[in-house]
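Q: Got a structure for you, written out below as structure tokens; questions coming shortly.
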Amino acid sequence: MIRRIKTGQSAAAKAENSGQVRATVEGILGDIAARGAVAVREFSAKFDRWSPPQFRLTADEIADCVRAVPPGTLEDIRFAQTQIRNFAVAQRNCLKDLEIETLPGVVLGHRNVPVDSVGCYIPGGRYPMVASAHMSVVTAKAAGVRRVVSCAPPFGGKPHPAIVAAMHLGGADEIFAFGGVQAIGAMALGTDELAPVDMIVGPGNAYVAEAKRQLFGRVGIDLLAGPTETLIIADETCDAEMAAVDLIGQAEHGPGSPAVLLTNCERLAHEVPSAVEALLTWLPTADVARQAWQNCGEIILVDTVDELVQEADRIASEHVQVLTRDPDFFLHHLTNFGALFLGPRTNVSFGDKVIGTNHTLPTMRAARYTGGLWVGKFIKTCTYQRVTTDAASALIGSYGSRLCELEGFAGHKEQADLRVRRYGSPEARANAVR
């Protein structure tokens with residue numbers, strides 16, 4: 001039996017919010033499409049109170065930002081980027097080009113080709129998301145992307161030095177200081193200062209996610225990464241303190257961030273609310289985390305392990321932390337998740353910041369059909385074919401001719417028949433006469 005000890009925001013409220021976001025973003029993108037850089041500057045001034053002479057940072061400005069970061073922090077950034085780069089390169093090495101002779105004289109293959117240009121969005125409104133620079137810029141470069149544009153909103157009235165340093169050390173070719181929908185629109189549509197990119201990646205708030213959704217097709221996107229979600233699967237081996245810390249540790253992202261405890265332990269289900277309240281008495285980000293917990297927090301109590309799997313796959317959360325006696329059971333049985341964090345020694349913040357996996361992950365139940373950002377998102381697997389003998393061309397042509405005729409494609413049929421007439425036996429050529 002599935003019992004909801006605490007519920008979050010209703011579906012109707014979520015739908016109403018989504019409608020408001022959609023209309024706002026549509027208006028901003030329409031204005032940028034019509035007026036370009038002028039509109040971008042106006043929106044930057046309106047939303048971020050930021051209108052510098054140019055949004056692209058010069059080499060000197062980048063160097064100044066790097067110098068402003070303490071050496072120890074730069075070392076931490078380099079360490080995190082090394083972990084992320086190493087894992088991304090290992091993933092890239094799993095993507096092999098292919099060529100195979102499927103019939104005598106018929107050669108088929110594919111090549112893994114990097115996207116040519118990518119725009120990486122690094123959030124920086126409520127928190128300076130330094131780690132997002134690692135996740136997008138470093139991974140894109142590991143994939144072989146030639147041109148990487150990165151941008152982040154100003155923080156405290158200027159470019160955040162650590163974000164700029166992370167973008168630079170990660171390999172960004174162009175760095176811009178603007179954010180929000182106007183940044184997504186500028187990268188996708190282009191301005192007089194910024195040539196448009198082929199693909200946009202990176203997390204962001206609901207407005208950034210909606211901008212990516214509306215621009216998909218004009219440019220590629222990684223996925224719709226909206227407000228952070230976390231799901232904790234726990235049994236009687238988990239204590240209330242750890243469950244509360246790991247719930248609120250992600251709820252602090254923003255007031256719309258769902259944090260869900262899914263457990264088959266009734267004791268834990270009833271102890272966690274008090275543990276959450278105790279944590280919120282001293283946590284510096286308690287104002288935001290409390291809103292998220294009140295609006296979007298849930299506690300779901302079930303009876304069996306099978307129901308834990310069933311509910312977890314229904315929720316399809318961005319982050320799924322498994323605090324149970326046998327975490328690997330869920331590794332082998334869950335199918336819908338952005339990223340798994342198995343056992344008490346790891347947690348979502350490790351993945352968010354440093355461990356090496358990517359933190360740009362599917363939200364809003366998108367984990368049902370996609371994984372997160374990884375090196376393969378920047379790769380196009382492009383097929384090719386080659387026919388090396390007359391006999392093979394005629395053989396494929398004869399089958400192709402009949403199948404084209406079956407569908408009524410006369411021009412397609414003639415393409416096939418021409419090869420039969422050119423390369424086939426006398427008998428085959430006779431059958432392919434117009």
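Going through the structure tokens in order, the chains are called A, B, and so on, while each chain numbers its residues from 1 and the ligands are numbered from 1 in the order shown.
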For Ala143 of chain A, please output as a list in words all residues within 10 Å (counting only C-alpha atoms; exclusion window: fewer than 4 positions along the same chain).

A: Arg85, Ala88, Val89, Gln91, Arg92, Asn93, Asn112, Val113, Pro114, Val115, Val137, Val138, Thr139, Trp374, Val375, Gly376, Lys377, Phe378 and Ile379 of chain A

Q: Could you write out that same residue set with N, CA, C and O atoms as a PDB file, in the first residue's frame?

A:
```pdb
ATOM      1  N   ARG A  85      36.648  15.684 -16.541  1.00  0.00           N
ATOM      2  CA  ARG A  85      37.295  15.439 -17.842  1.00  0.00           C
ATOM      3  C   ARG A  85      37.674  13.966 -17.992  1.00  0.00           C
ATOM      4  O   ARG A  85      37.446  13.360 -19.048  1.00  0.00           O
ATOM      5  N   ALA A  88      34.580  11.980 -18.694  1.00  0.00           N
ATOM      6  CA  ALA A  88      34.048  12.297 -20.024  1.00  0.00           C
ATOM      7  C   ALA A  88      34.910  11.678 -21.122  1.00  0.00           C
ATOM      8  O   ALA A  88      34.387  11.153 -22.120  1.00  0.00           O
ATOM      9  N   VAL A  89      36.216  11.714 -20.961  1.00  0.00           N
ATOM     10  CA  VAL A  89      37.102  11.099 -21.957  1.00  0.00           C
ATOM     11  C   VAL A  89      36.896   9.590 -21.996  1.00  0.00           C
ATOM     12  O   VAL A  89      36.866   8.976 -23.075  1.00  0.00           O
ATOM     13  N   GLN A  91      34.141   8.046 -21.304  1.00  0.00           N
ATOM     14  CA  GLN A  91      32.876   7.843 -22.006  1.00  0.00           C
ATOM     15  C   GLN A  91      33.065   8.033 -23.510  1.00  0.00           C
ATOM     16  O   GLN A  91      32.516   7.262 -24.315  1.00  0.00           O
ATOM     17  N   ARG A  92      33.827   9.066 -23.890  1.00  0.00           N
ATOM     18  CA  ARG A  92      34.063   9.309 -25.325  1.00  0.00           C
ATOM     19  C   ARG A  92      34.753   8.117 -25.963  1.00  0.00           C
ATOM     20  O   ARG A  92      34.441   7.757 -27.120  1.00  0.00           O
ATOM     21  N   ASN A  93      35.641   7.470 -25.235  1.00  0.00           N
ATOM     22  CA  ASN A  93      36.349   6.326 -25.788  1.00  0.00           C
ATOM     23  C   ASN A  93      35.442   5.111 -25.994  1.00  0.00           C
ATOM     24  O   ASN A  93      35.819   4.168 -26.700  1.00  0.00           O
ATOM     25  N   ASN A 112      31.374   9.158 -35.500  1.00  0.00           N
ATOM     26  CA  ASN A 112      30.938   9.980 -34.378  1.00  0.00           C
ATOM     27  C   ASN A 112      31.562  11.362 -34.527  1.00  0.00           C
ATOM     28  O   ASN A 112      32.772  11.529 -34.346  1.00  0.00           O
ATOM     29  N   VAL A 113      30.734  12.340 -34.869  1.00  0.00           N
ATOM     30  CA  VAL A 113      31.205  13.670 -35.248  1.00  0.00           C
ATOM     31  C   VAL A 113      30.772  14.681 -34.192  1.00  0.00           C
ATOM     32  O   VAL A 113      29.571  14.800 -33.900  1.00  0.00           O
ATOM     33  N   PRO A 114      31.682  15.444 -33.594  1.00  0.00           N
ATOM     34  CA  PRO A 114      31.276  16.441 -32.608  1.00  0.00           C
ATOM     35  C   PRO A 114      30.435  17.553 -33.232  1.00  0.00           C
ATOM     36  O   PRO A 114      30.629  17.930 -34.392  1.00  0.00           O
ATOM     37  N   VAL A 115      29.500  18.078 -32.464  1.00  0.00           N
ATOM     38  CA  VAL A 115      28.786  19.291 -32.853  1.00  0.00           C
ATOM     39  C   VAL A 115      29.822  20.406 -33.024  1.00  0.00           C
ATOM     40  O   VAL A 115      30.816  20.467 -32.290  1.00  0.00           O
ATOM     41  N   VAL A 137      31.262  23.018 -20.149  1.00  0.00           N
ATOM     42  CA  VAL A 137      32.422  23.415 -20.961  1.00  0.00           C
ATOM     43  C   VAL A 137      33.428  22.273 -21.058  1.00  0.00           C
ATOM     44  O   VAL A 137      33.884  21.916 -22.162  1.00  0.00           O
ATOM     45  N   VAL A 138      33.801  21.691 -19.926  1.00  0.00           N
ATOM     46  CA  VAL A 138      34.798  20.617 -19.934  1.00  0.00           C
ATOM     47  C   VAL A 138      34.310  19.433 -20.754  1.00  0.00           C
ATOM     48  O   VAL A 138      35.057  18.845 -21.555  1.00  0.00           O
ATOM     49  N   THR A 139      33.048  19.079 -20.591  1.00  0.00           N
ATOM     50  CA  THR A 139      32.506  17.917 -21.303  1.00  0.00           C
ATOM     51  C   THR A 139      32.431  18.178 -22.801  1.00  0.00           C
ATOM     52  O   THR A 139      32.727  17.289 -23.610  1.00  0.00           O
ATOM     53  N   TRP A 374      26.058  14.302 -21.088  1.00  0.00           N
ATOM     54  CA  TRP A 374      27.302  13.537 -21.070  1.00  0.00           C
ATOM     55  C   TRP A 374      27.994  13.787 -22.397  1.00  0.00           C
ATOM     56  O   TRP A 374      27.464  14.471 -23.281  1.00  0.00           O
ATOM     57  N   VAL A 375      29.174  13.263 -22.545  1.00  0.00           N
ATOM     58  CA  VAL A 375      29.962  13.573 -23.728  1.00  0.00           C
ATOM     59  C   VAL A 375      29.223  13.182 -25.013  1.00  0.00           C
ATOM     60  O   VAL A 375      29.341  13.853 -26.040  1.00  0.00           O
ATOM     61  N   GLY A 376      28.413  12.128 -24.954  1.00  0.00           N
ATOM     62  CA  GLY A 376      27.681  11.690 -26.134  1.00  0.00           C
ATOM     63  C   GLY A 376      26.634  12.672 -26.617  1.00  0.00           C
ATOM     64  O   GLY A 376      26.243  12.634 -27.788  1.00  0.00           O
ATOM     65  N   LYS A 377      26.165  13.572 -25.740  1.00  0.00           N
ATOM     66  CA  LYS A 377      25.183  14.579 -26.176  1.00  0.00           C
ATOM     67  C   LYS A 377      25.790  15.542 -27.186  1.00  0.00           C
ATOM     68  O   LYS A 377      25.062  16.176 -27.957  1.00  0.00           O
ATOM     69  N   PHE A 378      27.102  15.681 -27.166  1.00  0.00           N
ATOM     70  CA  PHE A 378      27.781  16.596 -28.086  1.00  0.00           C
ATOM     71  C   PHE A 378      28.232  15.899 -29.364  1.00  0.00           C
ATOM     72  O   PHE A 378      28.923  16.498 -30.176  1.00  0.00           O
ATOM     73  N   ILE A 379      27.858  14.638 -29.508  1.00  0.00           N
ATOM     74  CA  ILE A 379      28.316  13.830 -30.638  1.00  0.00           C
ATOM     75  C   ILE A 379      27.142  13.496 -31.555  1.00  0.00           C
ATOM     76  O   ILE A 379      26.077  13.078 -31.098  1.00  0.00           O
TER      77      ILE A 379
END
```

Q: Which residues come within 10 Å of Asn358 of chain A, counting only C-alpha atoms, excluding same-chain residues fewer than 3 positions away, as a VMD selection string?

A: chain A and resid 84 87 to 88 131 to 132 134 to 136 139 338 to 339 351 to 355 361 372 to 375

Q: Could you give me, as a list in words, the residues within 8 Å of Ala244 of chain A, counting only C-alpha atoms and dropping anything in the same chain fewer than 6 positions from it?

A: Val272, Pro273, Ala275, Val276 and Leu279 of chain A

Q: With only C-alpha atoms as the basis for distance, which of A:Cys265, A:Ala162, A:Ala366, A:Ala142 is at the shortest distance from Val305 of chain A?

A: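 Among the listed residues, A:Cys265 lies closest to Val305 of chain A.
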
Q: Could you write out, as a PyMOL selection string, all the residues of segment 271-365 of chain A that DSSP marks as alpha helix (DSSP H)?

A: chain A and resi 271-280+286-296+305-315+327-333+348-353

Q: Once you have the residues from the selection above, write them out as an mmCIF file, in the first residue's frame, restricted to C-alpha atoms.

A:
```cif
data_model
loop_
_atom_site.group_PDB
_atom_site.id
_atom_site.type_symbol
_atom_site.label_atom_id
_atom_site.label_comp_id
_atom_site.auth_asym_id
_atom_site.auth_seq_id
_atom_site.Cartn_x
_atom_site.Cartn_y
_atom_site.Cartn_z
ATOM 1 C CA GLU A 271 10.853 11.053 12.334
ATOM 2 C CA VAL A 272 12.057 12.951 9.270
ATOM 3 C CA PRO A 273 9.762 16.021 9.592
ATOM 4 C CA SER A 274 11.207 16.817 13.027
ATOM 5 C CA ALA A 275 14.753 16.256 11.742
ATOM 6 C CA VAL A 276 14.036 18.638 8.862
ATOM 7 C CA GLU A 277 12.748 21.299 11.238
ATOM 8 C CA ALA A 278 15.826 20.945 13.428
ATOM 9 C CA LEU A 279 18.073 21.410 10.395
ATOM 10 C CA LEU A 280 16.147 24.475 9.269
ATOM 11 C CA ALA A 286 16.863 27.819 5.460
ATOM 12 C CA ASP A 287 14.565 30.498 4.004
ATOM 13 C CA VAL A 288 14.750 28.985 0.529
ATOM 14 C CA ALA A 289 14.917 25.375 1.685
ATOM 15 C CA ARG A 290 11.881 25.808 3.943
ATOM 16 C CA GLN A 291 9.796 27.117 1.051
ATOM 17 C CA ALA A 292 10.825 24.182 -1.109
ATOM 18 C CA TRP A 293 10.061 21.671 1.641
ATOM 19 C CA GLN A 294 6.687 23.251 2.404
ATOM 20 C CA ASN A 295 5.658 23.633 -1.245
ATOM 21 C CA CYS A 296 7.241 20.608 -2.903
ATOM 22 C CA VAL A 305 10.662 -3.195 -1.760
ATOM 23 C CA ASP A 306 8.741 -3.780 -4.988
ATOM 24 C CA GLU A 307 6.602 -0.735 -4.187
ATOM 25 C CA LEU A 308 9.772 1.295 -3.613
ATOM 26 C CA VAL A 309 10.858 0.429 -7.155
ATOM 27 C CA GLN A 310 7.386 1.057 -8.588
ATOM 28 C CA GLU A 311 7.036 4.496 -6.988
ATOM 29 C CA ALA A 312 10.609 5.541 -7.766
ATOM 30 C CA ASP A 313 10.133 4.723 -11.430
ATOM 31 C CA ARG A 314 6.817 6.610 -11.460
ATOM 32 C CA ILE A 315 8.434 9.701 -9.936
ATOM 33 C CA PRO A 327 21.699 -0.221 -2.734
ATOM 34 C CA ASP A 328 22.778 -2.308 -5.723
ATOM 35 C CA PHE A 329 19.325 -3.897 -5.828
ATOM 36 C CA PHE A 330 18.007 -0.521 -7.039
ATOM 37 C CA LEU A 331 20.876 -0.106 -9.492
ATOM 38 C CA HIS A 332 19.703 -3.310 -11.179
ATOM 39 C CA HIS A 333 15.937 -2.738 -10.925
ATOM 40 C CA VAL A 348 23.997 14.229 -4.496
ATOM 41 C CA SER A 349 26.339 17.086 -3.620
ATOM 42 C CA PHE A 350 29.319 14.921 -4.633
ATOM 43 C CA GLY A 351 27.775 14.513 -8.080
ATOM 44 C CA ASP A 352 26.791 18.170 -8.212
ATOM 45 C CA LYS A 353 30.280 19.458 -7.589
#
```

Q: Quote the spacing between atom CA of Pro161 of chain A and atom CA of Gly185 of chain A in Å to one decimal place.

A: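 Taking atom CA of Pro161 of chain A as the start and atom CA of Gly185 of chain A as the end point, the length is 23.8 Å.
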
Q: From the options A:Ala195, A:Val106, A:Ala188, A:Val25, which residue's atoms come nearest to Gly397 of chain A, counting only C-alpha atoms?

A: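 Going through A:Ala195, A:Val106, A:Ala188, A:Val25 one by one, the smallest distance to Gly397 of chain A is for A:Val106.
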